[in-house]
file my_file.txt (compact mmCIF, C-alpha atoms and all ligand atoms)
# COMPACT_ATOMS: atom_id res chain seq x y z
CA MET A 1 12.80 -61.30 74.80
CA ILE A 2 11.78 -61.08 71.08
CA SER A 3 13.66 -63.34 68.73
CA HIS A 4 14.96 -62.23 65.34
CA GLU A 5 12.20 -64.24 63.60
CA ASP A 6 9.51 -62.45 65.63
CA LYS A 7 10.93 -59.10 64.60
CA THR A 8 10.63 -60.06 60.92
CA ASN A 9 7.03 -61.13 61.42
CA GLN A 10 6.24 -57.82 63.01
CA LYS A 11 7.50 -56.06 59.90
CA THR A 12 5.57 -58.10 57.33
CA ALA A 13 2.28 -58.00 59.26
CA PRO A 14 2.15 -54.69 61.10
CA SER A 15 -0.34 -54.38 63.98
CA LEU A 16 -3.28 -52.06 63.46
CA ASP A 17 -3.74 -48.90 65.50
CA ARG A 18 -7.05 -47.83 67.04
CA ARG A 19 -8.22 -46.25 63.79
CA GLY A 20 -7.71 -49.55 61.93
CA PHE A 21 -4.65 -48.33 59.99
CA PRO A 22 -1.28 -50.01 60.14
CA ALA A 23 0.47 -48.86 63.26
CA THR A 24 3.51 -47.65 61.34
CA ASP A 25 1.34 -45.12 59.48
CA GLY A 26 1.01 -43.18 62.66
CA PHE A 27 4.43 -41.68 62.07
CA LEU A 28 4.87 -38.52 60.16
CA VAL A 29 6.61 -38.86 56.87
CA GLY A 30 10.31 -38.58 57.34
CA GLN A 31 9.96 -38.98 61.11
CA ARG A 32 12.19 -41.53 62.66
CA ASP A 33 10.44 -44.73 63.73
CA GLU A 34 11.60 -45.29 67.27
CA THR A 35 10.06 -48.79 67.37
CA SER A 36 12.12 -50.03 64.44
CA HIS A 37 15.38 -49.43 66.27
CA GLY A 38 15.85 -45.97 64.98
CA GLU A 39 16.23 -47.05 61.34
CA TYR A 40 14.74 -44.82 58.66
CA ASP A 41 12.56 -46.95 56.36
CA PRO A 42 11.27 -45.13 53.25
CA LEU A 43 8.84 -47.94 52.49
CA GLU A 44 7.08 -47.37 55.77
CA THR A 45 6.87 -43.63 55.32
CA ASN A 46 5.42 -44.05 51.81
CA LEU A 47 2.63 -46.16 53.22
CA GLY A 48 1.41 -43.01 54.86
CA ASP A 49 1.17 -41.28 51.50
CA ARG A 50 -1.06 -43.99 50.13
CA PHE A 51 -3.52 -43.80 52.96
CA PHE A 52 -3.68 -40.11 53.68
CA GLY A 53 -2.56 -38.39 50.50
CA GLU A 54 -2.10 -34.66 50.77
CA LYS A 55 -4.43 -34.38 53.74
CA GLN A 56 -1.96 -36.07 56.01
CA LYS A 57 -0.14 -33.59 58.14
CA THR A 58 3.31 -34.45 56.91
CA GLY A 59 6.44 -32.49 57.72
CA ARG A 60 6.78 -31.39 54.06
CA ALA A 61 4.63 -31.31 50.92
CA VAL A 62 3.94 -34.79 49.66
CA LYS A 63 2.81 -33.87 46.23
CA THR A 64 4.13 -30.76 44.40
CA ARG A 65 1.30 -28.50 43.14
CA GLN A 66 1.01 -28.31 39.33
CA THR A 67 2.21 -24.99 37.98
CA GLU A 68 -0.06 -22.53 36.14
CA GLU A 69 1.63 -23.45 32.83
CA GLU A 70 1.01 -27.14 33.35
CA ARG A 71 -2.62 -26.47 34.18
CA LYS A 72 -3.04 -24.38 31.05
CA ALA A 73 -1.28 -26.96 28.85
CA LYS A 74 -3.55 -29.71 30.17
CA LYS A 75 -6.62 -27.58 29.58
CA LYS A 76 -5.46 -26.85 26.04
CA ALA A 77 -4.82 -30.49 25.32
CA ARG A 78 -8.27 -31.42 26.65
CA ALA A 79 -9.87 -28.73 24.45
CA ALA A 80 -7.95 -29.89 21.37
CA ALA A 81 -8.99 -33.48 21.95
CA TRP A 82 -12.60 -32.42 22.42
CA TYR A 83 -12.47 -30.36 19.22
CA LEU A 84 -11.10 -33.31 17.23
CA ALA A 85 -13.81 -35.57 18.56
CA ASN A 86 -16.57 -33.04 17.82
CA LYS A 87 -15.23 -31.38 14.69
CA GLU A 88 -18.33 -31.83 12.54
CA ARG A 89 -20.61 -30.56 15.27
CA VAL A 90 -18.42 -27.49 15.77
CA CYS A 91 -18.35 -26.76 12.02
CA ALA A 92 -22.12 -27.04 11.76
CA THR A 93 -22.65 -24.73 14.74
CA THR A 94 -20.17 -22.17 13.38
CA THR A 95 -21.76 -22.16 9.91
CA ALA A 96 -25.22 -21.74 11.40
CA TYR A 97 -24.02 -18.80 13.53
CA GLN A 98 -22.27 -17.14 10.57
CA ARG A 99 -25.41 -17.45 8.45
CA ALA A 100 -27.61 -16.05 11.19
CA ASN A 101 -25.25 -13.12 12.05
CA PRO A 102 -23.60 -11.89 8.83
CA LYS A 103 -23.11 -8.34 10.14
CA LYS A 104 -21.42 -9.49 13.34
CA VAL A 105 -19.19 -11.84 11.37
CA ARG A 106 -18.20 -9.06 8.96
CA ALA A 107 -17.42 -6.71 11.86
CA THR A 108 -15.34 -9.36 13.64
CA LYS A 109 -13.38 -10.13 10.48
CA ALA A 110 -12.79 -6.42 9.79
CA LYS A 111 -11.56 -5.89 13.34
CA TYR A 112 -9.23 -8.86 13.05
CA ARG A 113 -7.84 -7.54 9.77
CA LYS A 114 -7.29 -4.12 11.35
CA ASP A 115 -5.64 -5.48 14.50
CA ASN A 116 -3.43 -7.94 12.60
CA HIS A 117 -2.58 -5.91 9.51
CA GLU A 118 1.16 -6.68 9.51
CA LYS A 119 0.66 -10.35 10.25
CA ILE A 120 -1.85 -10.68 7.41
CA CYS A 121 0.46 -8.82 5.00
CA ALA A 122 3.33 -11.14 5.87
CA GLN A 123 1.14 -14.21 5.44
CA SER A 124 -0.16 -12.95 2.09
CA ALA A 125 3.34 -12.19 0.84
CA GLU A 126 4.48 -15.66 1.83
CA TYR A 127 1.50 -17.23 0.06
CA ARG A 128 2.05 -15.18 -3.10
CA LYS A 129 5.71 -16.20 -3.12
CA ALA A 130 4.89 -19.87 -2.74
CA ASN A 131 2.03 -19.80 -5.29
CA ALA A 132 3.23 -17.17 -7.76
CA GLU A 133 1.80 -18.80 -10.89
CA ASN A 134 -1.60 -19.50 -9.38
CA VAL A 135 -1.80 -15.94 -8.07
CA ARG A 136 -0.92 -14.46 -11.49
CA ALA A 137 -3.52 -16.62 -13.22
CA GLY A 138 -6.13 -15.67 -10.61
CA ILE A 139 -5.45 -11.94 -11.06
CA ALA A 140 -5.58 -12.21 -14.87
CA ALA A 141 -8.93 -14.04 -14.70
CA TRP A 142 -10.37 -11.44 -12.30
CA GLN A 143 -9.20 -8.56 -14.50
CA LYS A 144 -10.84 -10.19 -17.54
CA ASN A 145 -14.15 -10.54 -15.69
CA ASN A 146 -14.10 -7.05 -14.11
CA PRO A 147 -12.93 -4.55 -16.79
CA GLU A 148 -14.83 -1.61 -15.24
CA LYS A 149 -13.37 -2.20 -11.79
CA VAL A 150 -9.89 -2.50 -13.29
CA LYS A 151 -10.37 0.83 -15.08
CA ALA A 152 -11.49 2.53 -11.86
CA ILE A 153 -8.56 1.10 -9.88
CA LYS A 154 -6.07 2.23 -12.54
CA ALA A 155 -7.59 5.73 -12.67
CA LYS A 156 -7.36 5.99 -8.88
CA TRP A 157 -3.74 4.85 -8.94
CA TYR A 158 -2.78 7.37 -11.65
CA LYS A 159 -4.44 10.13 -9.66
CA SER A 160 -2.58 9.36 -6.45
CA HIS A 161 0.75 8.54 -8.16
CA ALA A 162 0.75 11.22 -10.89
CA GLU A 163 4.49 11.91 -10.79
CA ARG A 164 5.48 8.27 -10.85
CA ALA A 165 2.98 7.54 -13.63
CA ARG A 166 4.42 10.38 -15.74
CA ALA A 167 7.97 9.11 -15.18
CA VAL A 168 6.97 5.55 -16.16
CA ALA A 169 5.17 6.81 -19.31
CA ALA A 170 8.15 9.00 -20.29
CA ALA A 171 10.54 6.07 -19.85
CA TYR A 172 8.27 3.90 -22.03
CA ARG A 173 8.14 6.58 -24.76
CA ASN A 174 11.95 6.86 -24.68
CA ASN A 175 12.42 3.13 -24.99
CA ASN A 176 9.63 2.60 -27.58
CA PRO A 177 9.43 5.81 -29.68
CA GLU A 178 7.68 4.23 -32.68
CA LYS A 179 5.08 2.42 -30.60
CA ALA A 180 4.47 5.58 -28.53
CA LEU A 181 3.99 7.73 -31.65
CA ALA A 182 1.54 5.24 -33.18
CA ALA A 183 -0.39 5.03 -29.90
CA SER A 184 -0.52 8.83 -29.63
CA LYS A 185 -1.81 9.19 -33.23
CA ASN A 186 -4.47 6.56 -32.58
CA TRP A 187 -5.58 8.28 -29.40
CA ARG A 188 -5.79 11.72 -31.08
CA LYS A 189 -7.84 10.24 -33.90
CA SER A 190 -10.33 8.60 -31.57
CA HIS A 191 -10.55 11.54 -29.08
CA PRO A 192 -11.01 14.76 -31.19
CA LYS A 193 -12.92 16.61 -28.46
CA GLU A 194 -10.30 15.93 -25.83
CA VAL A 195 -7.54 16.95 -28.25
CA ARG A 196 -9.22 20.33 -28.91
CA ALA A 197 -9.80 20.94 -25.22
CA ARG A 198 -6.17 20.15 -24.42
CA GLU A 199 -4.86 22.40 -27.19
CA ASN A 200 -7.01 25.29 -26.02
CA ALA A 201 -5.90 24.81 -22.44
CA TYR A 202 -2.26 24.75 -23.57
CA ARG A 203 -2.68 27.90 -25.67
CA LYS A 204 -4.18 29.68 -22.69
CA ALA A 205 -1.45 28.55 -20.33
CA HIS A 206 1.51 29.13 -22.71
CA PRO A 207 0.55 31.80 -25.31
CA GLU A 208 4.20 32.81 -25.93
CA LYS A 209 5.22 29.20 -26.70
CA VAL A 210 2.32 28.77 -29.12
CA ALA A 211 3.09 32.13 -30.79
CA ALA A 212 6.77 31.24 -31.21
CA LYS A 213 5.87 27.83 -32.59
CA ASP A 214 3.47 29.37 -35.14
CA ALA A 215 6.05 31.98 -36.22
CA ASN A 216 8.76 29.33 -36.56
CA ARG A 217 6.44 27.19 -38.70
CA ARG A 218 5.67 30.14 -40.99
CA ALA A 219 9.41 30.92 -41.21
CA ARG A 220 10.20 27.36 -42.30
CA LYS A 221 7.52 27.71 -44.96
CA HIS A 222 9.30 30.82 -46.36
CA ASN A 223 12.75 29.29 -45.93
CA ALA A 224 13.60 32.21 -43.64
CA GLY A 225 16.71 32.05 -41.46
CA GLY A 226 16.70 32.02 -37.69
CA CYS A 227 14.27 31.01 -35.02
CA HIS A 228 13.15 32.19 -31.60
CA THR A 229 11.76 30.63 -28.43
CA GLY A 230 8.66 31.11 -26.32
CA GLU A 231 10.85 32.52 -23.55
CA GLU A 232 12.17 35.23 -25.92
CA VAL A 233 8.58 36.17 -26.86
CA LYS A 234 7.75 36.41 -23.17
CA GLN A 235 10.68 38.77 -22.59
CA LEU A 236 9.63 40.86 -25.60
CA LEU A 237 6.10 41.16 -24.19
CA ALA A 238 7.58 42.45 -20.94
CA ARG A 239 9.76 44.98 -22.85
CA GLN A 240 6.65 46.20 -24.74
CA LYS A 241 4.88 46.46 -21.33
CA CYS A 242 2.01 44.36 -22.68
CA LEU A 243 1.15 47.06 -25.25
CA CYS A 244 0.75 46.78 -29.04
CA ALA A 245 3.98 47.96 -30.71
CA VAL A 246 1.95 50.13 -33.14
CA CYS A 247 -1.24 51.45 -31.50
CA LYS A 248 -0.07 51.04 -27.86
CA LYS A 249 -3.32 49.34 -26.82
CA SER A 250 -3.14 46.58 -24.23
CA ILE A 251 -2.42 43.15 -25.71
CA GLU A 252 -2.82 41.35 -22.38
CA SER A 253 -5.84 39.41 -23.64
CA GLY A 254 -4.02 38.28 -26.82
CA TYR A 255 -1.42 39.30 -29.40
CA HIS A 256 0.00 38.30 -32.77
CA VAL A 257 3.71 37.67 -33.37
CA ASP A 258 4.62 39.92 -36.32
CA HIS A 259 7.77 39.84 -38.43
CA VAL A 260 8.77 43.55 -38.77
CA VAL A 261 10.19 42.87 -42.25
CA PRO A 262 7.66 40.29 -43.50
CA LEU A 263 8.93 36.79 -44.22
CA ALA A 264 7.47 37.22 -47.72
CA ARG A 265 9.85 40.19 -48.16
CA GLY A 266 12.92 38.24 -47.01
CA GLY A 267 12.68 39.08 -43.31
CA SER A 268 14.38 36.74 -40.80
CA ASN A 269 12.81 34.79 -37.99
CA TYR A 270 15.23 36.01 -35.31
CA ILE A 271 13.73 37.71 -32.29
CA ARG A 272 15.22 41.07 -33.42
CA ASN A 273 12.77 40.99 -36.41
CA ILE A 274 9.79 40.22 -34.16
CA GLN A 275 7.24 42.63 -32.64
CA LEU A 276 4.00 41.91 -30.82
CA LEU A 277 0.89 43.55 -32.25
CA CYS A 278 -2.79 43.62 -31.40
CA PRO A 279 -4.78 41.46 -33.85
CA THR A 280 -6.23 44.59 -35.60
CA CYS A 281 -2.83 46.15 -36.34
CA ASN A 282 -1.36 42.84 -37.42
CA LEU A 283 -4.19 42.15 -39.88
CA ARG A 284 -3.86 45.70 -41.26
CA LYS A 285 -0.11 45.25 -41.72
CA GLY A 286 -0.21 41.91 -43.56
CA HIS A 287 2.77 41.60 -45.91
CA LYS A 288 3.15 45.36 -46.38
CA ASP A 289 6.54 47.02 -46.30
CA PRO A 290 7.10 48.13 -42.67
CA LEU A 291 7.91 51.75 -43.59
CA ILE A 292 4.84 52.15 -45.82
CA PHE A 293 2.65 50.53 -43.15
CA MET A 294 3.94 52.80 -40.37
CA GLN A 295 3.46 55.87 -42.60
CA SER A 296 -0.09 54.72 -43.31
CA MET A 297 -0.65 54.58 -39.56
CA GLY A 298 0.54 58.18 -39.13
CA PHE A 299 4.11 57.40 -38.05
CA LEU A 300 7.41 58.18 -39.74
CA LEU A 301 5.90 60.95 -41.77
ZN ZN A 401 -2.43 47.73 -32.36

call {"tool": "encode", "arguments": {"input": "my_file.txt", "output": "structure tokens", "more": "lines below"}}
Ligand SMILES: [Zn+2]
result
Amino acid sequence: MISHEDKTNQKTAPSLDRRGFPATDGFLVGQRDETSHGEYDPLETNLGDRFFGEKQKTGRAVKTRQTEEERKAKKKARAAAWYLANKERVCATTTAYQRANPKKVRATKAKYRKDNHEKICAQSAEYRKANAENVRAGIAAWQKNNPEKVKAIKAKWYKSHAERARAVAAAYRNNNPEKALAASKNWRKSHPKEVRARENAYRKAHPEKVAAKDANRRARKHNAGGCHTGEEVKQLLARQKCLCAVCKKSIESGYHVDHVVPLARGGSNYIRNIQLLCPTCNLRKGHKDPLIFMQSMGFLL
């Protein structure tokens, strides 16, 4: 018969099995130990873990496998630590590569910019917001050092945003009429060739407007009453079917606005006193009385 004291001794110094391991380790983890009076002793079962680890054929997994995320996190941490410890070496290697492969580096950067356009825009906007003054100063300095590039960029912008540019310019002229007038006079003075070219182009595109303007100017000179518009001259041309009112030759290539009763003889500047003549007839007419002129041309005899 085994006394209580003997039992205790058996526990503290377990007998070894034939493999040289403590006899209690022969039990599977979680298996009931029949020799210890059917009591479940976690300490004894854990002994097995220490000796056999995962290789032991236990009834359930001893150690849970690390998840994919954990594995990745550990790998990342190891890489970060390695980078910190070898920062200078990494920088030197990177610089050497960039110097040796400028084309590849440029291509990689361009691809990154293309693939991450929105991200880069957002980052830039954030930076500009946080460093507004620095950014403004930087831009001003660059513009001062690159006047030709600035000119080219502005020209390109005006070309692709013509309508908006015109609206902005018109708004400026409205708000600053005196400044705008002075600027316009200055520009005309320093660009005579361009001014002539523009005037010619305008005359060609809007002959009726130019003719009306000339006639109105002459009328003001003679203190004549009335005025007429380019649109009215256009309608008159259509009524005359593009023919000289006197000789009936085509005036499609050009005409003179003639006051039927000359301004010098008290004629008005209303459209009813206007006729369109070919240059020859108009020069012949001059300030003559209309009846005498028409008689001289073989009419109204
Ligand atoms: Zn004629």

call {"tool": "atom_distance", "arguments": {"input": "my_file.txt", "atom1": "CA of Arg113 (chain A)", "atom2": "CA of Leu84 (chain A)"}}
result
27.0 Å

call {"tool": "closest_atom_pairs", "arguments": {"input": "my_file.txt", "of": "chain A", "to": "ligand ZN 401 (chain A)", "cutoff": "10 Å", "atoms": "all atoms listed in the file", "output": "CSV"}}
result
residue,atom,partner,partner_atom,distance
A:Leu243,CA,A:ZN401,ZN,8.0
A:Cys244,CA,A:ZN401,ZN,4.7
A:Ala245,CA,A:ZN401,ZN,6.6
A:Val246,CA,A:ZN401,ZN,5.1
A:Cys247,CA,A:ZN401,ZN,4.0
A:Lys248,CA,A:ZN401,ZN,6.1
A:Lys249,CA,A:ZN401,ZN,5.8
A:Ser250,CA,A:ZN401,ZN,8.2
A:Ile251,CA,A:ZN401,ZN,8.1
A:Tyr255,CA,A:ZN401,ZN,9.0
A:His256,CA,A:ZN401,ZN,9.7
A:Leu276,CA,A:ZN401,ZN,8.8
A:Leu277,CA,A:ZN401,ZN,5.3
A:Cys278,CA,A:ZN401,ZN,4.2
A:Pro279,CA,A:ZN401,ZN,6.9
A:Thr280,CA,A:ZN401,ZN,5.9
A:Cys281,CA,A:ZN401,ZN,4.3
A:Asn282,CA,A:ZN401,ZN,7.1
A:Leu283,CA,A:ZN401,ZN,9.5
A:Arg284,CA,A:ZN401,ZN,9.2
A:Lys285,CA,A:ZN401,ZN,10.0

call {"tool": "closest_residue", "arguments": {"input": "my_file.txt", "among": "A:Lys209, A:Arg196, A:His287, A:Arg136", "to": "Val261 (chain A)", "atoms": "all atoms listed in the file"}}
result
A:His287

call {"tool": "atom_distance", "arguments": {"input": "my_file.txt", "atom1": "CA of Ala81 (chain A)", "atom2": "CA of Thr93 (chain A)"}}
result
17.8 Å

call {"tool": "atom_distance", "arguments": {"input": "my_file.txt", "atom1": "CA of Val210 (chain A)", "atom2": "CA of Gly230 (chain A)"}}
result
7.3 Å

call {"tool": "closest_atom_pairs", "arguments": {"input": "my_file.txt", "of": "region 186-270 of chain A", "to": "region 173-181 of chain A", "cutoff": "12 Å", "atoms": "all atoms listed in the file", "output": "JSON lines"}}
result
{"residue": "A:Asn186", "atom": "CA", "partner": "A:Leu181", "partner_atom": "CA", "distance": 8.6}
{"residue": "A:Trp187", "atom": "CA", "partner": "A:Leu181", "partner_atom": "CA", "distance": 9.8}
{"residue": "A:Arg188", "atom": "CA", "partner": "A:Leu181", "partner_atom": "CA", "distance": 10.6}

call {"tool": "closest_residue", "arguments": {"input": "my_file.txt", "among": "A:Lys109, A:His228, A:Lys288, A:Lys87", "to": "Ile271 (chain A)", "atoms": "only C-alpha atoms"}}
result
A:His228

call {"tool": "decode", "arguments": {"input": "my_file.txt", "residues": "region 140-229 of chain A", "atoms": "C-alpha atoms", "output": "mmCIF file, in the first residue's frame"}}
result
data_model
loop_
_atom_site.group_PDB
_atom_site.id
_atom_site.type_symbol
_atom_site.label_atom_id
_atom_site.label_comp_id
_atom_site.auth_asym_id
_atom_site.auth_seq_id
_atom_site.Cartn_x
_atom_site.Cartn_y
_atom_site.Cartn_z
ATOM 1 C CA ALA A 140 7.342 85.864 -57.998
ATOM 2 C CA ALA A 141 11.071 85.058 -57.965
ATOM 3 C CA TRP A 142 10.670 82.484 -60.757
ATOM 4 C CA GLN A 143 8.653 84.923 -62.890
ATOM 5 C CA LYS A 144 11.355 87.578 -62.447
ATOM 6 C CA ASN A 145 14.063 85.163 -63.576
ATOM 7 C CA ASN A 146 12.085 83.687 -66.510
ATOM 8 C CA PRO A 147 10.326 86.575 -68.333
ATOM 9 C CA GLU A 148 10.299 84.768 -71.708
ATOM 10 C CA LYS A 149 8.745 81.627 -70.260
ATOM 11 C CA VAL A 150 6.138 83.727 -68.446
ATOM 12 C CA LYS A 151 5.263 85.466 -71.721
ATOM 13 C CA ALA A 152 4.872 82.127 -73.522
ATOM 14 C CA ILE A 153 2.701 80.679 -70.745
ATOM 15 C CA LYS A 154 0.460 83.770 -70.742
ATOM 16 C CA ALA A 155 0.112 83.694 -74.538
ATOM 17 C CA LYS A 156 -0.847 80.012 -74.399
ATOM 18 C CA TRP A 157 -3.408 80.703 -71.680
ATOM 19 C CA TYR A 158 -4.982 83.590 -73.625
ATOM 20 C CA LYS A 159 -5.214 81.389 -76.701
ATOM 21 C CA SER A 160 -6.981 78.549 -74.919
ATOM 22 C CA HIS A 161 -9.173 80.810 -72.736
ATOM 23 C CA ALA A 162 -10.001 83.547 -75.283
ATOM 24 C CA GLU A 163 -13.571 84.137 -74.108
ATOM 25 C CA ARG A 164 -12.674 84.308 -70.445
ATOM 26 C CA ALA A 165 -9.699 86.576 -71.182
ATOM 27 C CA ARG A 166 -11.947 88.962 -73.142
ATOM 28 C CA ALA A 167 -14.489 89.026 -70.298
ATOM 29 C CA VAL A 168 -11.764 89.744 -67.716
ATOM 30 C CA ALA A 169 -10.289 92.537 -69.893
ATOM 31 C CA ALA A 170 -13.744 94.081 -70.464
ATOM 32 C CA ALA A 171 -14.467 94.020 -66.734
ATOM 33 C CA TYR A 172 -11.115 95.714 -66.053
ATOM 34 C CA ARG A 173 -11.827 98.432 -68.655
ATOM 35 C CA ASN A 174 -15.257 99.046 -67.094
ATOM 36 C CA ASN A 175 -13.822 99.359 -63.618
ATOM 37 C CA ASN A 176 -10.738 101.390 -64.654
ATOM 38 C CA PRO A 177 -11.746 103.482 -67.716
ATOM 39 C CA GLU A 178 -8.983 106.087 -67.361
ATOM 40 C CA LYS A 179 -6.226 103.543 -66.864
ATOM 41 C CA ALA A 180 -7.555 101.462 -69.777
ATOM 42 C CA LEU A 181 -7.644 104.485 -72.115
ATOM 43 C CA ALA A 182 -4.090 105.499 -71.195
ATOM 44 C CA ALA A 183 -2.873 101.919 -71.696
ATOM 45 C CA SER A 184 -4.629 101.706 -75.073
ATOM 46 C CA LYS A 185 -3.087 105.018 -76.256
ATOM 47 C CA ASN A 186 0.357 103.849 -75.164
ATOM 48 C CA TRP A 187 -0.042 100.557 -76.973
ATOM 49 C CA ARG A 188 -1.224 102.236 -80.211
ATOM 50 C CA LYS A 189 1.719 104.616 -80.080
ATOM 51 C CA SER A 190 4.260 101.841 -79.662
ATOM 52 C CA HIS A 191 2.626 99.414 -82.173
ATOM 53 C CA PRO A 192 1.835 101.474 -85.359
ATOM 54 C CA LYS A 193 2.138 98.481 -87.705
ATOM 55 C CA GLU A 194 -0.233 96.348 -85.689
ATOM 56 C CA VAL A 195 -2.693 99.251 -85.440
ATOM 57 C CA ARG A 196 -2.754 99.656 -89.246
ATOM 58 C CA ALA A 197 -3.165 95.944 -89.801
ATOM 59 C CA ARG A 198 -6.049 95.790 -87.331
ATOM 60 C CA GLU A 199 -7.793 98.798 -88.874
ATOM 61 C CA ASN A 200 -7.513 97.314 -92.354
ATOM 62 C CA ALA A 201 -8.845 93.984 -91.160
ATOM 63 C CA TYR A 202 -11.756 95.749 -89.456
ATOM 64 C CA ARG A 203 -12.557 97.800 -92.569
ATOM 65 C CA LYS A 204 -12.618 94.636 -94.628
ATOM 66 C CA ALA A 205 -14.829 92.782 -92.187
ATOM 67 C CA HIS A 206 -17.249 95.670 -91.456
ATOM 68 C CA PRO A 207 -17.272 98.106 -94.429
ATOM 69 C CA GLU A 208 -20.789 99.394 -93.629
ATOM 70 C CA LYS A 209 -19.817 100.258 -90.029
ATOM 71 C CA VAL A 210 -16.710 102.109 -91.200
ATOM 72 C CA ALA A 211 -18.696 103.961 -93.896
ATOM 73 C CA ALA A 212 -21.377 105.017 -91.394
ATOM 74 C CA LYS A 213 -18.731 106.140 -88.928
ATOM 75 C CA ASP A 214 -16.974 108.254 -91.594
ATOM 76 C CA ALA A 215 -20.265 109.824 -92.732
ATOM 77 C CA ASN A 216 -21.276 110.602 -89.150
ATOM 78 C CA ARG A 217 -17.898 112.239 -88.515
ATOM 79 C CA ARG A 218 -18.268 114.416 -91.629
ATOM 80 C CA ALA A 219 -21.827 115.323 -90.555
ATOM 81 C CA ARG A 220 -20.623 116.466 -87.132
ATOM 82 C CA LYS A 221 -18.030 118.606 -88.897
ATOM 83 C CA HIS A 222 -20.821 120.363 -90.871
ATOM 84 C CA ASN A 223 -23.136 120.532 -87.868
ATOM 85 C CA ALA A 224 -25.648 118.484 -89.872
ATOM 86 C CA GLY A 225 -28.613 116.898 -88.106
ATOM 87 C CA GLY A 226 -29.222 113.187 -87.819
ATOM 88 C CA CYS A 227 -27.092 110.104 -87.896
ATOM 89 C CA HIS A 228 -27.264 106.566 -89.236
ATOM 90 C CA THR A 229 -25.846 103.165 -88.309
#
